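**Q** The structure under discussion is supplied below as structure tokens; questions concerning it will follow.
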Amino acid sequence: MSRADLDLKAAAGLALVAVVTSTTVDTSIVRTLPAVLLFLLVPGYVLSVVLFPEPRELLERVLVAVGLSLCIDVLGGLLLDRLGVGLTSRSWSSGLAVFTLAACGAAHRRRTALAGPSGAAADRSREARIRRPSLAATAMVVGSVAAVVAALLIARLPAGSAHIEGYTALWIKPTDSAAGTFSVGVRSDELRTTRFRLIAISLSGPRLVLRRNLTLTPGQQWQSNGSVRIPPSGSTEVRISLYKLDNVRVAYRQVYATFGRPGA
Amino acid sequence: MSTTDPIPALEAAHRRAGRARPNGSRLPLPEELRLLGTRRSLLLPLTLVASIGLLVVSVGLALSRSNPASNFAEMLFWLGLIVLVVPFASWLAGVGPTRGERVAALVIVGVLLYLVKVVHDPYTFIYSDEWVHTYNAQEIVRTGALYHANPLIPVTARYPGLEATTAAISSTTGLSVFASGLVLLGVARIVLVLALFMVFERLTGSARVASIASVVYLTNPNFLFWSAQFSYESLALPLIALAAASTIAAMRSKGPERRSWTVVACLAAAAVAPTHHLSSWALCVFLLATCAIAAIRPQTRSQAPWLIAGVAVASTALWFAFVAPSTGTYLFPVIGRAINQTWDTVVGRTSGRGLFQAAGGTHVQLAPTWQRAFAVASVALVVVGLPFGLLRVWRKHRGNAFVVALAIAAVVYVAIVPMRLVPAAWETSNRSSEFLFIGVALVLGLAGLTAWSSRRFALGASAFIGVLLVGGLVAGWPPRVLLSLPYRASANGATLTSAPALTAAWASNVLGPGQRFIAPQAVGRELLVHGHELTWVTDAPFDARTVLYGPDVTSGIVTTLGNHRVSYVAVDRRVSGDDAMAGYFFPAVGDREFIDPTEFHKYDDFPGVDRLLDVGDIVVYDVNRLWNVTG
């Protein structure tokens, strides 16, 4: 390949890098850029060179390269699924890399068939138009990027809590219904530190299974395990109530579960 | 193809003026005016202004999340949007920018408008349909195969273009489905903007008209949020635009160039078919209409893209017949209801729908008066502006089958606006705008050149675009979710999650993934996507509504649960819990509306039912023994 085929060499190299990183590297930050380029630009670009080997204006080249990449992704997914190889990172990256390399070969042949110097001339004229940006232009670009980044960062900030209502979750999960074991948990999404009293009773008795005072800050979670003795009758129900200590007359949350063999 | 900004009418006037001068001098052409002046590009300054507009929008949305009733937040939101779009629109309406600057400006505005959607909902895909497609993508990542079952909208799994590509990016990069989808849709948005510019430029021969028409399209009622959501048409629309641009390029070139563009168009048309049903149908209609129009006159027959139309129709028909035959049972009843109810409304059998209302659950919201005024004004401007553009189409472009087809689309857009008065047809009218507005944009772009000189036109265009932008958004998006709502909140330095999100996290961590649930719309979507539970919601294809909202636990409910082997039922006492758009957020203090307590408490202490989770508004019951014992 000639110097004018640098773009094709870069595309082929990038496809191979994407295959290697996506199949051997676990770190997402390393895999992301090559993989995104492999999916959204490279195969379409190379195919665009196959279809339009002569130099094109930037608008058309970008549109066709990215647009064709999307088409290749959509149709390639159908093909991989149909082949039964599974839609995995390995099959995707390998499939796209094979397509890209094959297309690179075809693109090179197409370019070679054209008058070579014209492409090189176009490239050179393009290089000549690149100018050093002024300080003001640089400042405006930096300002624009800063504004966009600030907008995204502000969007990720959690909302203030002045105008919302908090809540608390209480749950029970039988871990072995026949043995009478369970786990119980409380998560406070209240807006301030809250004191609770948790009482669990078995209805066959009744007898106290668990009693605990809890003080939970916003976002804090408490979890414990418990067990209940299954009576000879075959089953019992554990009922857990959570009270706010500033109002113990009303159960704030309540859950229950049945243990043993109901109906035995 | 033109690389300048010729304005045919002005050029003709200048030439006439030049001929009239005895010394042979003439008035300068617009391009010459631009080159003669000490011109400084406004691209970067306006990019900075637009970016600041995005920042203002983001601040407004952050304020609205902290205080949903804040008027200041709403003011910032609208101000930011105007700052983002209108200065660029004003600049593009003039003769100053070069073609490259116009393209760059459109890409920048298109991407920044996409980022408005991103900063609106920055944590997850949260619109009603986004959950459906996120689940599809997750399933493809999980199983490595296409065409799994989807309990929300089954037919979506038969159109896996968007989800398969997202899953591919996600599994290859290690990014989440959310991040991968954001990247994919951002790139698709760039394709859409570039393709539309190319369509308009090739049809009008003017980069200036193309940029004006493109900006007009950016103001369509569905562009800001609907077309940016993680949903199949958000990828299909750019592919349609690419197919249209390539088709027009193919029909206007010869030899190898024509063949190459035809290949691009065919690939795009083939890729639309497995991506979105309505979009593939819309592309077929456009191409067939163009062929029919071109075939009428002998001199335009060469414009007929029969091959590309054939590929589009064949791929759409084959996909419909062999892969997604359930599309008919999904779409035809919707279209049938729209037609029937439109007819009933026309003949006075039923009353119409109130404009600017959006219902979530039973709660109805009405857009503020000034917003309604903008919405009416935006439609009025389109209606008033179209005749000027249509006149220009008739005079200058009636020999171009593509322009005529798009002009017909513009007329159809206006013709179906009254369908917004019909409850069952409102959605059809609203959603078709993303296709039909391409015609509106072209015709309005042409209309702009008939009457005004450049400077006055730029000012008028700014106001015009501002009204279209605000009015279109009001008309196309429910007022209750126009601004952001709180999905996460902070208290004492901790991050709190909303109750539906916490329910999903609990289900995934405590019950484990893969459990079968019935739940209201909002918590059901959370359970499906973030809880990884197989969840049916209120409008499931069986009687899930009675399971959730019936007053008693009946044998019918038990049978329903048993038939679908449902182990858990989640109930939500908030009316908004059944709102697929607004039910995911923290409720505002005092802004509560509850369902009937008998519906909410009917499973309490019912034999065979365990109450496993109590979040206050949301309760999860284990109903497994209920149907195992009974059944």
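Residue numbering restarts at 1 in every chain; chains get A, B, ... in the order shown in the structure tokens, and ligands count up from 1 in that same order.
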Using only C-alpha atoms, determine which residues lie at most 9 Å from Thr32 in chain A, disregarding the query and same-chain residues fewer than 3 positions distant; provide the list as JSON, numbers by chain.
**A** {"A": [18, 21, 22, 27, 28, 29, 35, 36, 37], "B": [169, 172, 173, 174, 175]}
**Q** Each residue of chain A with at least one atom at most 7 Å from chain B should appear once, together with its nearest atom pair and the corresponding distance in Å (one decimal); atoms considered: only C-alpha atoms; ordering: chain, then increasing residue number; output as a tab-separated table.
**A**
residue	atom	partner	partner_atom	distance
A:Ser22	CA	B:Thr172	CA	5.5
A:Ser28	CA	B:Gly174	CA	5.0
A:Arg31	CA	B:Thr173	CA	5.1
A:Thr32	CA	B:Thr173	CA	4.6
A:Ala35	CA	B:Thr173	CA	5.9
A:Val36	CA	B:Ile169	CA	6.7
A:Leu51	CA	B:Ser260	CA	5.2
A:Phe52	CA	B:Ser260	CA	6.8
A:Leu63	CA	B:Val191	CA	5.8
A:Val66	CA	B:Val191	CA	6.9
A:Gly67	CA	B:Val191	CA	6.1
A:Cys71	CA	B:Ala271	CA	5.4
A:Asp73	CA	B:Thr165	CA	5.8
A:Val74	CA	B:Gly161	CA	4.9
A:Leu75	CA	B:Ala271	CA	6.1
A:Gly77	CA	B:Ala164	CA	6.2
A:Asp81	CA	B:Ala145	CA	6.1
A:Gly86	CA	B:Gly144	CA	5.0
A:Leu87	CA	B:Gly144	CA	4.3
A:Thr88	CA	B:Gly144	CA	5.8
A:Ser89	CA	B:Thr172	CA	4.4
A:Trp92	CA	B:Ala168	CA	6.5
A:Ala137	CA	B:Leu44	CA	6.7
A:Met140	CA	B:Leu48	CA	6.0
A:Val141	CA	B:Leu44	CA	6.8
A:Gly143	CA	B:Leu48	CA	6.4
A:Ser144	CA	B:Leu48	CA	4.6
A:Ala147	CA	B:Ser51	CA	5.6
A:Val148	CA	B:Ser51	CA	5.8
A:Ala150	CA	B:Leu55	CA	6.8
A:Ala151	CA	B:Leu55	CA	4.5
A:Leu152	CA	B:Val119	CA	6.0
A:Ile154	CA	B:Ser58	CA	6.6
A:Ala155	CA	B:Val119	CA	5.1
A:Arg156	CA	B:Pro122	CA	6.0
A:Pro158	CA	B:Ala489	CA	4.6
A:Ala159	CA	B:Ala489	CA	4.3
A:Gly160	CA	B:Ser66	CA	4.6
A:Ser161	CA	B:Ala489	CA	5.9
A:His163	CA	B:Val589	CA	5.7
A:Ile164	CA	B:Ala588	CA	4.6
A:Glu165	CA	B:Val589	CA	5.6
A:Tyr167	CA	B:Val615	CA	6.8
A:Thr168	CA	B:Val615	CA	5.8
A:Ala169	CA	B:Val615	CA	4.3
A:Leu170	CA	B:Asp614	CA	5.3
A:Trp171	CA	B:Leu613	CA	4.3
A:Ile172	CA	B:Leu612	CA	5.2
A:Lys173	CA	B:Leu612	CA	6.5
A:Asp189	CA	B:Leu496	CA	5.7
A:Leu191	CA	B:Ala491	CA	5.4
A:Arg192	CA	B:Ala491	CA	6.9
A:Pro218	CA	B:Ala494	CA	6.1
A:Gly219	CA	B:Ala494	CA	5.7
A:Arg253	CA	B:Asp614	CA	5.9
A:Gln254	CA	B:Asp614	CA	6.3
A:Val255	CA	B:Arg611	CA	5.0
A:Tyr256	CA	B:Arg611	CA	5.1
A:Ala257	CA	B:Asp610	CA	4.7
A:Thr258	CA	B:Asp610	CA	6.6
**Q** Taking the chain letters and numbering used in this document, name the residues of range 6-167 of chain A that DSSP puts in helix (DSSP H, G or I), as a PyMOL selection string.
**A** chain A and resi 6-24+28-40+42-51+58-83+89-113+116-129+135-156
**Q** Considering only C-alpha atoms, state which residue in the set B:Thr290, B:Tyr549, B:Ala505, B:Ala441 is at the smallest distance from Ala210 in chain B.
**A**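 Once distances to Ala210 in chain B are computed over only C-alpha atoms, the minimum belongs to B:Ala441.
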**Q** With a distance cut-off of 8 Å and only C-alpha atoms, select the neighbouring residues of Tyr252 in chain A, excluding the residue or stretch itself and same-chain residues fewer than 6 positions from it, and output the selection as a PyMOL selection string.
**A** (chain A and resi 241-244) or (chain B and resi 616)
**Q** To one decimal place, how far is CA of Thr193 in chain A from CA of Asn225 in chain A in Å?
**A** 23.5 Å
